[in-house]
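Raw contents of work10.pdb, PDB, C-alpha atoms, pLDDT in the B column:
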ATOM      1  CA  GLY A   1    -100.774   6.222 -94.585  1.00 79.00           C
ATOM      2  CA  ASN A   2    -104.192   7.819 -94.768  1.00 84.00           C
ATOM      3  CA  SER A   3    -104.666  10.897 -96.931  1.00 89.00           C
ATOM      4  CA  VAL A   4    -107.293  13.146 -98.481  1.00 94.00           C
ATOM      5  CA  THR A   5    -106.998  14.919-101.812  1.00 94.00           C
ATOM      6  CA  GLN A   6    -109.476  17.561-102.876  1.00 93.00           C
ATOM      7  CA  MET A   7    -109.661  19.781-105.902  1.00 86.00           C
ATOM      8  CA  GLU A   8    -107.832  23.038-105.730  1.00 85.00           C
ATOM      9  CA  GLY A   9    -109.725  26.261-105.777  1.00 85.00           C
ATOM     10  CA  PRO A  10    -110.821  28.798-105.965  1.00 93.00           C
ATOM     11  CA  VAL A  11    -114.046  27.778-107.615  1.00 96.00           C
ATOM     12  CA  THR A  12    -116.138  30.673-108.888  1.00 97.00           C
ATOM     13  CA  LEU A  13    -119.748  30.073-109.894  1.00 97.00           C
ATOM     14  CA  SER A  14    -122.795  32.122-110.681  1.00 97.00           C
ATOM     15  CA  GLU A  15    -125.802  31.855-108.425  1.00 97.00           C
ATOM     16  CA  GLU A  16    -127.995  28.806-109.186  1.00 96.00           C
ATOM     17  CA  ALA A  17    -125.145  26.963-110.895  1.00 97.00           C
ATOM     18  CA  PHE A  18    -124.393  23.312-110.137  1.00 97.00           C
ATOM     19  CA  LEU A  19    -121.505  22.642-107.790  1.00 97.00           C
ATOM     20  CA  THR A  20    -119.123  19.715-107.589  1.00 97.00           C
ATOM     21  CA  ILE A  21    -116.055  19.677-105.380  1.00 97.00           C
ATOM     22  CA  ASN A  22    -114.038  16.518-105.824  1.00 97.00           C
ATOM     23  CA  CYS A  23    -112.554  14.602-102.916  1.00 97.00           C
ATOM     24  CA  THR A  24    -110.668  11.306-103.021  1.00 97.00           C
ATOM     25  CA  TYR A  25    -109.087   9.472-100.155  1.00 95.00           C
ATOM     26  CA  THR A  26    -106.588   6.795 -99.245  1.00 93.00           C
ATOM     27  CA  ALA A  27    -107.188   4.758 -96.129  1.00 88.00           C
ATOM     28  CA  THR A  28    -105.950   1.476 -94.754  1.00 81.00           C
ATOM     29  CA  GLY A  29    -109.164   0.646 -92.950  1.00 78.00           C
ATOM     30  CA  TYR A  30    -112.812   1.627 -93.201  1.00 81.00           C
ATOM     31  CA  PRO A  31    -112.954   5.368 -92.665  1.00 87.00           C
ATOM     32  CA  SER A  32    -115.796   7.711 -91.942  1.00 89.00           C
ATOM     33  CA  LEU A  33    -115.903  10.666 -94.338  1.00 92.00           C
ATOM     34  CA  PHE A  34    -116.844  14.270 -93.683  1.00 93.00           C
ATOM     35  CA  TRP A  35    -117.290  17.634 -95.298  1.00 96.00           C
ATOM     36  CA  TYR A  36    -116.640  20.660 -93.112  1.00 95.00           C
ATOM     37  CA  VAL A  37    -117.346  24.255 -94.106  1.00 96.00           C
ATOM     38  CA  GLN A  38    -115.683  27.460 -92.948  1.00 93.00           C
ATOM     39  CA  TYR A  39    -117.709  30.590 -93.660  1.00 93.00           C
ATOM     40  CA  PRO A  40    -115.851  33.918 -93.709  1.00 88.00           C
ATOM     41  CA  GLY A  41    -114.869  34.946 -90.201  1.00 82.00           C
ATOM     42  CA  GLU A  42    -116.276  31.793 -88.613  1.00 85.00           C
ATOM     43  CA  GLY A  43    -114.929  28.507 -87.326  1.00 85.00           C
ATOM     44  CA  LEU A  44    -115.193  25.176 -89.074  1.00 91.00           C
ATOM     45  CA  GLN A  45    -118.493  23.406 -88.799  1.00 91.00           C
ATOM     46  CA  LEU A  46    -119.641  19.994 -89.896  1.00 92.00           C
ATOM     47  CA  LEU A  47    -121.648  20.087 -93.117  1.00 96.00           C
ATOM     48  CA  LEU A  48    -122.343  16.387 -93.644  1.00 95.00           C
ATOM     49  CA  LYS A  49    -120.885  12.956 -93.045  1.00 93.00           C
ATOM     50  CA  ALA A  50    -121.081   9.332 -94.145  1.00 93.00           C
ATOM     51  CA  THR A  51    -119.854   6.443 -92.071  1.00 89.00           C
ATOM     52  CA  LYS A  52    -119.945   3.485 -94.465  1.00 89.00           C
ATOM     53  CA  ALA A  53    -119.835   2.656 -98.133  1.00 93.00           C
ATOM     54  CA  ASP A  54    -122.820   3.809-100.230  1.00 95.00           C
ATOM     55  CA  ASP A  55    -124.056   6.102 -97.456  1.00 95.00           C
ATOM     56  CA  LYS A  56    -125.198   9.510 -98.636  1.00 97.00           C
ATOM     57  CA  GLY A  57    -124.718  12.484 -96.358  1.00 96.00           C
ATOM     58  CA  SER A  58    -126.876  15.536 -96.942  1.00 97.00           C
ATOM     59  CA  ASN A  59    -127.487  18.925 -95.381  1.00 97.00           C
ATOM     60  CA  LYS A  60    -128.555  22.388 -96.557  1.00 95.00           C
ATOM     61  CA  GLY A  61    -128.994  21.140-100.125  1.00 97.00           C
ATOM     62  CA  PHE A  62    -125.491  19.672-100.224  1.00 98.00           C
ATOM     63  CA  GLU A  63    -124.919  15.971-100.605  1.00 98.00           C
ATOM     64  CA  ALA A  64    -122.043  13.535-100.940  1.00 98.00           C
ATOM     65  CA  THR A  65    -122.001   9.769-101.464  1.00 98.00           C
ATOM     66  CA  TYR A  66    -119.352   7.484 -99.961  1.00 96.00           C
ATOM     67  CA  ARG A  67    -117.976   5.543-102.946  1.00 96.00           C
ATOM     68  CA  LYS A  68    -115.635   2.795-101.816  1.00 94.00           C
ATOM     69  CA  GLU A  69    -114.941   1.520-105.326  1.00 94.00           C
ATOM     70  CA  THR A  70    -113.598   4.886-106.432  1.00 95.00           C
ATOM     71  CA  THR A  71    -112.442   5.989-102.954  1.00 96.00           C
ATOM     72  CA  SER A  72    -114.328   9.239-103.433  1.00 97.00           C
ATOM     73  CA  PHE A  73    -116.664  11.531-101.525  1.00 97.00           C
ATOM     74  CA  HIS A  74    -117.504  14.340-103.930  1.00 98.00           C
ATOM     75  CA  LEU A  75    -119.582  17.260-102.647  1.00 98.00           C
ATOM     76  CA  GLU A  76    -122.487  18.404-104.824  1.00 98.00           C
ATOM     77  CA  LYS A  77    -125.218  21.001-104.753  1.00 98.00           C
ATOM     78  CA  GLY A  78    -127.774  21.529-107.465  1.00 97.00           C
ATOM     79  CA  SER A  79    -128.157  25.286-107.145  1.00 96.00           C
ATOM     80  CA  VAL A  80    -125.653  27.356-105.210  1.00 97.00           C
ATOM     81  CA  GLN A  81    -126.398  30.638-103.480  1.00 97.00           C
ATOM     82  CA  VAL A  82    -124.200  33.592-102.661  1.00 97.00           C
ATOM     83  CA  SER A  83    -124.427  32.533 -99.013  1.00 96.00           C
ATOM     84  CA  ASP A  84    -122.629  29.265 -99.881  1.00 97.00           C
ATOM     85  CA  SER A  85    -119.400  31.186-100.442  1.00 97.00           C
ATOM     86  CA  ALA A  86    -116.950  29.577 -98.039  1.00 96.00           C
ATOM     87  CA  VAL A  87    -114.019  27.181 -97.809  1.00 94.00           C
ATOM     88  CA  TYR A  88    -114.955  23.501 -97.901  1.00 96.00           C
ATOM     89  CA  PHE A  89    -112.797  20.785 -96.349  1.00 95.00           C
ATOM     90  CA  CYS A  90    -113.033  17.067 -96.976  1.00 96.00           C
ATOM     91  CA  ALA A  91    -111.862  14.882 -94.096  1.00 92.00           C
ATOM     92  CA  LEU A  92    -111.647  11.283 -92.980  1.00 89.00           C
ATOM     93  CA  SER A  93    -111.410   9.500 -89.693  1.00 85.00           C
ATOM     94  CA  ASP A  94    -110.183   5.944 -89.673  1.00 74.00           C
ATOM     95  CA  ILE A  95    -110.720   4.476 -86.237  1.00 72.00           C
ATOM     96  CA  THR A  96    -109.946   1.003 -87.531  1.00 64.00           C
ATOM     97  CA  SER A  97    -106.320   2.066 -87.741  1.00 61.00           C
ATOM     98  CA  GLY A  98    -106.354   2.424 -83.974  1.00 64.00           C
ATOM     99  CA  THR A  99    -106.305   6.153 -83.709  1.00 65.00           C
ATOM    100  CA  TYR A 100    -108.979   8.791 -83.614  1.00 73.00           C
ATOM    101  CA  LYS A 101    -107.334  11.578 -85.516  1.00 75.00           C
ATOM    102  CA  TYR A 102    -108.902  13.241 -88.500  1.00 83.00           C
ATOM    103  CA  ILE A 103    -107.111  13.769 -91.801  1.00 87.00           C
ATOM    104  CA  PHE A 104    -108.186  16.921 -93.651  1.00 91.00           C
ATOM    105  CA  GLY A 105    -107.769  18.008 -97.236  1.00 92.00           C
ATOM    106  CA  THR A 106    -106.300  21.386 -98.109  1.00 91.00           C
ATOM    107  CA  GLY A 107    -109.699  23.027 -98.575  1.00 93.00           C
ATOM    108  CA  THR A 108    -111.486  24.415-101.629  1.00 95.00           C
ATOM    109  CA  ARG A 109    -112.590  28.027-101.658  1.00 95.00           C
ATOM    110  CA  LEU A 110    -115.974  28.585-103.302  1.00 97.00           C
ATOM    111  CA  LYS A 111    -117.095  32.012-104.435  1.00 97.00           C
ATOM    112  CA  VAL A 112    -120.647  32.427-105.690  1.00 97.00           C
ATOM    113  CA  LEU A 113    -121.477  35.560-107.658  1.00 97.00           C
ATOM    114  CA  ALA A 114    -124.928  37.130-107.721  1.00 95.00           C
TER     115      ALA A 114
ATOM    116  CA  GLY B   1    -124.835  27.270 -74.975  1.00 54.00           C
ATOM    117  CA  ALA B   2    -121.214  28.310 -75.127  1.00 81.00           C
ATOM    118  CA  GLY B   3    -119.081  26.885 -77.876  1.00 91.00           C
ATOM    119  CA  VAL B   4    -115.391  26.084 -77.909  1.00 94.00           C
ATOM    120  CA  SER B   5    -113.342  29.112 -76.976  1.00 95.00           C
ATOM    121  CA  GLN B   6    -109.669  29.768 -77.561  1.00 96.00           C
ATOM    122  CA  SER B   7    -107.315  32.409 -76.280  1.00 96.00           C
ATOM    123  CA  PRO B   8    -105.628  34.514 -77.285  1.00 97.00           C
ATOM    124  CA  SER B   9    -107.255  35.111 -80.645  1.00 95.00           C
ATOM    125  CA  ASN B  10    -104.026  36.582 -81.962  1.00 96.00           C
ATOM    126  CA  LYS B  11    -100.475  36.219 -80.726  1.00 97.00           C
ATOM    127  CA  VAL B  12     -97.373  37.848 -82.108  1.00 98.00           C
ATOM    128  CA  THR B  13     -94.125  36.643 -80.609  1.00 97.00           C
ATOM    129  CA  GLU B  14     -90.448  36.889 -81.301  1.00 97.00           C
ATOM    130  CA  LYS B  15     -88.496  33.937 -82.560  1.00 97.00           C
ATOM    131  CA  GLY B  16     -87.111  31.912 -79.678  1.00 97.00           C
ATOM    132  CA  LYS B  17     -89.822  32.834 -77.182  1.00 98.00           C
ATOM    133  CA  ASP B  18     -92.244  30.321 -75.660  1.00 98.00           C
ATOM    134  CA  VAL B  19     -96.005  30.626 -76.173  1.00 98.00           C
ATOM    135  CA  GLU B  20     -99.040  29.054 -74.556  1.00 98.00           C
ATOM    136  CA  LEU B  21    -102.333  28.645 -76.363  1.00 98.00           C
ATOM    137  CA  ARG B  22    -105.477  27.856 -74.436  1.00 98.00           C
ATOM    138  CA  CYS B  23    -108.601  25.937 -75.360  1.00 97.00           C
ATOM    139  CA  ASP B  24    -111.856  25.765 -73.395  1.00 97.00           C
ATOM    140  CA  PRO B  25    -113.987  22.943 -74.772  1.00 96.00           C
ATOM    141  CA  ILE B  26    -117.741  22.664 -74.607  1.00 94.00           C
ATOM    142  CA  SER B  27    -118.793  21.574 -71.136  1.00 93.00           C
ATOM    143  CA  GLY B  28    -119.174  17.814 -70.922  1.00 91.00           C
ATOM    144  CA  HIS B  29    -117.105  17.058 -74.015  1.00 92.00           C
ATOM    145  CA  THR B  30    -114.567  14.390 -73.121  1.00 91.00           C
ATOM    146  CA  ALA B  31    -112.556  14.473 -76.345  1.00 90.00           C
ATOM    147  CA  LEU B  32    -110.390  17.410 -77.367  1.00 93.00           C
ATOM    148  CA  TYR B  33    -108.300  17.918 -80.494  1.00 92.00           C
ATOM    149  CA  TRP B  34    -105.600  20.358 -81.597  1.00 95.00           C
ATOM    150  CA  TYR B  35    -104.941  21.167 -85.248  1.00 94.00           C
ATOM    151  CA  ARG B  36    -102.697  23.576 -87.109  1.00 95.00           C
ATOM    152  CA  GLN B  37    -103.772  25.409 -90.268  1.00 91.00           C
ATOM    153  CA  SER B  38    -100.943  26.975 -92.217  1.00 87.00           C
ATOM    154  CA  LEU B  39    -101.461  29.330 -95.148  1.00 78.00           C
ATOM    155  CA  GLY B  40    -102.428  27.312 -98.203  1.00 69.00           C
ATOM    156  CA  GLN B  41    -102.420  24.059 -96.257  1.00 75.00           C
ATOM    157  CA  GLY B  42    -105.170  21.926 -94.868  1.00 79.00           C
ATOM    158  CA  LEU B  43    -105.660  21.198 -91.225  1.00 87.00           C
ATOM    159  CA  GLU B  44    -102.773  19.301 -89.745  1.00 90.00           C
ATOM    160  CA  PHE B  45    -103.650  17.075 -86.802  1.00 89.00           C
ATOM    161  CA  LEU B  46    -101.426  17.667 -83.787  1.00 93.00           C
ATOM    162  CA  ILE B  47    -102.810  15.757 -80.802  1.00 92.00           C
ATOM    163  CA  TYR B  48    -106.030  14.549 -79.218  1.00 90.00           C
ATOM    164  CA  PHE B  49    -107.123  13.947 -75.631  1.00 91.00           C
ATOM    165  CA  GLN B  50    -109.633  11.539 -74.198  1.00 88.00           C
ATOM    166  CA  GLY B  51    -110.200  12.945 -70.750  1.00 89.00           C
ATOM    167  CA  ASN B  52    -106.779  14.038 -69.549  1.00 91.00           C
ATOM    168  CA  SER B  53    -104.950  11.351 -71.476  1.00 90.00           C
ATOM    169  CA  ALA B  54    -103.279  11.852 -74.871  1.00 89.00           C
ATOM    170  CA  PRO B  55    -102.998   8.409 -76.503  1.00 82.00           C
ATOM    171  CA  ASP B  56    -101.634   9.729 -79.803  1.00 80.00           C
ATOM    172  CA  LYS B  57     -98.946  12.395 -79.860  1.00 83.00           C
ATOM    173  CA  SER B  58     -97.636  11.455 -83.281  1.00 81.00           C
ATOM    174  CA  GLY B  59     -98.840  14.649 -84.898  1.00 88.00           C
ATOM    175  CA  LEU B  60     -96.740  16.998 -82.804  1.00 94.00           C
ATOM    176  CA  PRO B  61     -94.163  18.463 -85.237  1.00 93.00           C
ATOM    177  CA  SER B  62     -91.218  18.410 -82.836  1.00 94.00           C
ATOM    178  CA  ASP B  63     -90.317  18.110 -79.176  1.00 95.00           C
ATOM    179  CA  ARG B  64     -90.767  21.878 -78.896  1.00 97.00           C
ATOM    180  CA  PHE B  65     -94.506  21.229 -78.945  1.00 97.00           C
ATOM    181  CA  SER B  66     -96.352  19.866 -75.935  1.00 97.00           C
ATOM    182  CA  ALA B  67     -99.923  19.838 -74.712  1.00 97.00           C
ATOM    183  CA  GLU B  68    -101.730  19.048 -71.538  1.00 96.00           C
ATOM    184  CA  ARG B  69    -105.274  18.865 -70.330  1.00 96.00           C
ATOM    185  CA  THR B  70    -106.334  19.146 -66.739  1.00 89.00           C
ATOM    186  CA  GLY B  71    -109.589  18.264 -65.054  1.00 88.00           C
ATOM    187  CA  GLY B  72    -110.913  16.857 -68.282  1.00 84.00           C
ATOM    188  CA  SER B  73    -111.567  20.384 -69.444  1.00 93.00           C
ATOM    189  CA  VAL B  74    -109.138  23.164 -70.374  1.00 96.00           C
ATOM    190  CA  SER B  75    -106.182  22.305 -72.575  1.00 97.00           C
ATOM    191  CA  THR B  76    -102.963  24.204 -73.161  1.00 98.00           C
ATOM    192  CA  LEU B  77    -100.720  23.838 -76.195  1.00 98.00           C
ATOM    193  CA  THR B  78     -97.189  25.055 -75.512  1.00 98.00           C
ATOM    194  CA  ILE B  79     -94.618  25.844 -78.146  1.00 98.00           C
ATOM    195  CA  GLN B  80     -91.099  26.369 -76.850  1.00 98.00           C
ATOM    196  CA  ARG B  81     -88.385  28.340 -78.644  1.00 98.00           C
ATOM    197  CA  THR B  82     -90.779  29.370 -81.398  1.00 98.00           C
ATOM    198  CA  GLN B  83     -89.608  29.400 -84.998  1.00 97.00           C
ATOM    199  CA  GLN B  84     -91.014  31.311 -87.959  1.00 96.00           C
ATOM    200  CA  GLU B  85     -92.377  28.107 -89.459  1.00 94.00           C
ATOM    201  CA  ASP B  86     -94.605  27.785 -86.397  1.00 96.00           C
ATOM    202  CA  SER B  87     -96.680  30.717 -87.676  1.00 96.00           C
ATOM    203  CA  ALA B  88    -100.163  29.378 -88.352  1.00 96.00           C
ATOM    204  CA  VAL B  89    -103.700  29.292 -87.022  1.00 95.00           C
ATOM    205  CA  TYR B  90    -104.023  26.775 -84.202  1.00 97.00           C
ATOM    206  CA  LEU B  91    -107.473  25.253 -83.944  1.00 96.00           C
ATOM    207  CA  CYS B  92    -109.026  23.360 -81.102  1.00 96.00           C
ATOM    208  CA  ALA B  93    -112.080  21.118 -81.351  1.00 93.00           C
ATOM    209  CA  SER B  94    -114.064  19.092 -78.863  1.00 92.00           C
ATOM    210  CA  SER B  95    -116.611  16.310 -79.082  1.00 89.00           C
ATOM    211  CA  LEU B  96    -118.841  14.358 -76.715  1.00 87.00           C
ATOM    212  CA  GLY B  97    -116.666  11.324 -77.195  1.00 79.00           C
ATOM    213  CA  LEU B  98    -114.007  10.133 -79.536  1.00 74.00           C
ATOM    214  CA  ALA B  99    -115.065  11.107 -83.045  1.00 61.00           C
ATOM    215  CA  GLY B 100    -114.808   8.958 -86.117  1.00 59.00           C
ATOM    216  CA  GLY B 101    -118.388   8.821 -87.183  1.00 57.00           C
ATOM    217  CA  SER B 102    -120.343   8.914 -83.993  1.00 65.00           C
ATOM    218  CA  TYR B 103    -119.599  12.328 -82.613  1.00 76.00           C
ATOM    219  CA  GLU B 104    -119.302  15.659 -84.341  1.00 81.00           C
ATOM    220  CA  GLN B 105    -116.271  17.810 -83.645  1.00 86.00           C
ATOM    221  CA  TYR B 106    -117.038  21.406 -82.696  1.00 90.00           C
ATOM    222  CA  PHE B 107    -114.279  23.828 -83.593  1.00 92.00           C
ATOM    223  CA  GLY B 108    -113.149  26.961 -81.834  1.00 94.00           C
ATOM    224  CA  PRO B 109    -112.316  30.182 -83.677  1.00 92.00           C
ATOM    225  CA  GLY B 110    -108.588  29.528 -83.528  1.00 94.00           C
ATOM    226  CA  THR B 111    -105.494  31.357 -82.366  1.00 96.00           C
ATOM    227  CA  ARG B 112    -103.469  33.078 -85.063  1.00 96.00           C
ATOM    228  CA  LEU B 113     -99.801  32.818 -84.126  1.00 97.00           C
ATOM    229  CA  THR B 114     -97.234  34.989 -85.857  1.00 97.00           C
ATOM    230  CA  VAL B 115     -93.560  34.476 -85.106  1.00 97.00           C
ATOM    231  CA  THR B 116     -91.382  37.397 -86.131  1.00 96.00           C
TER     232      THR B 116
END

Can I see the file as structure tokens?
Amino acid sequence: GNSVTQMEGPVTLSEEAFLTINCTYTATGYPSLFWYVQYPGEGLQLLLKATKADDKGSNKGFEATYRKETTSFHLEKGSVQVSDSAVYFCALSDITSGTYKYIFGTGTRLKVLA
Amino acid sequence: GAGVSQSPSNKVTEKGKDVELRCDPISGHTALYWYRQSLGQGLEFLIYFQGNSAPDKSGLPSDRFSAERTGGSVSTLTIQRTQQEDSAVYLCASSLGLAGGSYEQYFGPGTRLTVT
């Protein structure tokens, strides 16, 4: 079945450090891939997405590239800020399997120190 | 405009009791999703609706769980004879249409259920 694996946290970085949060997936079809973010006390919100191989999603300085050959969708940011402290979830949706449900990873907590 | 709302925000119930969780999606959103987020776990898909129809109920953990949606709007998730392992945050999301690349899911704040 479909699955998402993302690196365990927490990840603690200093402000302006480079961020990578790894995400790999298993899917039977051709999934769309997503990163969602949950800021403290708030609901999940879409950060970025990519719907086909080699697509790059980007938003708020974050980016992730859909790599079919390595089945990965790693999240990166060149210079993190304290305000980026949140929990990040990688997810996939594989409509080619005939269903519209999303599969989420377990989340990675990021803490950025000033 | 108003986002997805859920009620109650917190619910504490005794083991064996039934609970109802409510979700009000964004107006005009035809697709609605329920997820469960347990401590240390990711989001577990439970069920989705397109309009009032639920084509995929495979995520419901047991027959104690059921959900309905009326009028293409409000949805209720019911858990009968609650067990301690049902304790989790239950999240609802809605989208303009069925998601999977075309439509973003908008999440509500969740209902934190504690079964004592």

Checklist line | Distance of atom CA of A:Tyr100 from atom CA of B:Pro25, expressed in Å to one decimal place | finding: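 One can read the atom CA of B:Pro25 to atom CA of A:Tyr100 distance as 17.4 Å.
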
Next item on the list: Check every residue of chain A for an atom within 7 Å of chain B, counting only C-alpha atoms, and provide those that qualify as a PyMOL selection string.
Entry: chain A and resi 32+42-45+51+93-95+100-107

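Interatomic distance, atom CA of B:Val74 to atom CA of A:Leu48: 27.6 Å.
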
Applying 7 Å and all atoms listed in the file, which residues near stretch 1-15 of chain A remain after dropping the ones on its own chain fewer than 6 positions away? List them as a compact mmCIF listing (two decimals) with C-alpha atoms, keeping the file's coordinate frame.
# COMPACT_ATOMS: atom_id res chain seq x y z
CA ILE A 21 -116.06 19.68 -105.38
CA ASN A 22 -114.04 16.52 -105.82
CA CYS A 23 -112.55 14.60 -102.92
CA THR A 24 -110.67 11.31 -103.02
CA TYR A 25 -109.09 9.47 -100.16
CA THR A 26 -106.59 6.80 -99.24
CA ALA A 27 -107.19 4.76 -96.13
CA THR A 28 -105.95 1.48 -94.75
CA VAL A 80 -125.65 27.36 -105.21
CA GLN A 81 -126.40 30.64 -103.48
CA VAL A 82 -124.20 33.59 -102.66
CA CYS A 90 -113.03 17.07 -96.98
CA ALA A 91 -111.86 14.88 -94.10
CA ILE A 103 -107.11 13.77 -91.80
CA PHE A 104 -108.19 16.92 -93.65
CA GLY A 105 -107.77 18.01 -97.24
CA THR A 106 -106.30 21.39 -98.11
CA GLY A 107 -109.70 23.03 -98.58
CA THR A 108 -111.49 24.42 -101.63
CA ARG A 109 -112.59 28.03 -101.66
CA LEU A 110 -115.97 28.58 -103.30
CA LYS A 111 -117.10 32.01 -104.44
CA VAL A 112 -120.65 32.43 -105.69
CA LEU A 113 -121.48 35.56 -107.66
CA ALA A 114 -124.93 37.13 -107.72

Next item on the list: Could you jot down the atom CA of A:Ala64 to atom CA of A:Gly29 separation for me, Å, one decimal place?
Entry: 19.9 Å

Notebook entry, point to check: Given the file above and the PyMOL selection byres ((chain B and resi 65) around 12), which residues are selected, and can you give them as a list in words?
Noted result: Asp18, Val19, Glu20, Leu21, Trp34, Arg36, Leu46, Ile47, Lys57, Ser58, Gly59, Leu60, Pro61, Ser62, Asp63, Arg64, Ser66, Ala67, Glu68, Thr76, Leu77, Thr78, Ile79, Gln80, Arg81, Thr82, Gln83 and Asp86 of chain B

Item checked: Within 9 Å of A:Thr65 using only C-alpha atoms, minus same-chain residues under 3 positions, as a PyMOL selection string -> chain A and resi 50+53-58+72-75

Item checked: Contacts of A:Leu47 at 7 Å (all atoms listed in the file; same-chain gap of 2+ positions) as a list of chain:residue names -> A:Trp35, A:Tyr36, A:Val37, A:Gln45, A:Asn59

Quick check on the file I pasted: which residues fall under the PyMOL selection byres ((chain B and resi 5-9) around 6)? Write them as a JSON list (two decimals) with C-alpha atoms, keeping the file's coordinate frame.
[["chain", "number", "residue", "atom", "x", "y", "z"],
["B", 4, "VAL", "CA", -115.39, 26.08, -77.91],
["B", 10, "ASN", "CA", -104.03, 36.58, -81.96],
["B", 22, "ARG", "CA", -105.48, 27.86, -74.44],
["B", 23, "CYS", "CA", -108.60, 25.94, -75.36],
["B", 24, "ASP", "CA", -111.86, 25.76, -73.40],
["B", 108, "GLY", "CA", -113.15, 26.96, -81.83],
["B", 111, "THR", "CA", -105.49, 31.36, -82.37]]

Note to self: So that I can check the surroundings of A:Tyr39, please list as a VMD selection string every protein, DNA and RNA residue that reaches within 9 Å of it, counting only C-alpha atoms and ignoring chain neighbours fewer than 5 positions away.
What the structure shows: chain A and resid 44 to 45 83 to 88

Next item on the list: Translate the PyMOL selection byres ((chain B and resi 12) around 9), as applied to the file shown, into an explicit residue set as a PyMOL selection string.
Entry: chain B and resi 10-11+13-14+112-116

Taking (-113.1, 20.1, -66.3) in the coordinates of the supplied file, I want to know which residues reach to within 10 Å of it, counting all atoms listed in the file; could you give the answer as a PDB file with C-alpha atoms, in the frame of the given file?
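After the write, out.pdb holds the following:
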ATOM      1  CA  ASP B  24    -111.856  25.765 -73.395  1.00 97.00           C
ATOM      2  CA  PRO B  25    -113.987  22.943 -74.772  1.00 96.00           C
ATOM      3  CA  ILE B  26    -117.741  22.664 -74.607  1.00 94.00           C
ATOM      4  CA  SER B  27    -118.793  21.574 -71.136  1.00 93.00           C
ATOM      5  CA  GLY B  28    -119.174  17.814 -70.922  1.00 91.00           C
ATOM      6  CA  HIS B  29    -117.105  17.058 -74.015  1.00 92.00           C
ATOM      7  CA  THR B  30    -114.567  14.390 -73.121  1.00 91.00           C
ATOM      8  CA  GLY B  51    -110.200  12.945 -70.750  1.00 89.00           C
ATOM      9  CA  ASN B  52    -106.779  14.038 -69.549  1.00 91.00           C
ATOM     10  CA  ARG B  69    -105.274  18.865 -70.330  1.00 96.00           C
ATOM     11  CA  THR B  70    -106.334  19.146 -66.739  1.00 89.00           C
ATOM     12  CA  GLY B  71    -109.589  18.264 -65.054  1.00 88.00           C
ATOM     13  CA  GLY B  72    -110.913  16.857 -68.282  1.00 84.00           C
ATOM     14  CA  SER B  73    -111.567  20.384 -69.444  1.00 93.00           C
ATOM     15  CA  VAL B  74    -109.138  23.164 -70.374  1.00 96.00           C
ATOM     16  CA  SER B  75    -106.182  22.305 -72.575  1.00 97.00           C
TER      17      SER B  75
END

Box for stretch 58-75 of chain A - axis-aligned, 3 Å on each of the six sides, all listed atoms - centre and size in Å to one decimal, as JSON.
{"center_x": -120.7, "center_y": 12.0, "center_z": -100.9, "size_x": 22.6, "size_y": 26.9, "size_z": 17.1}
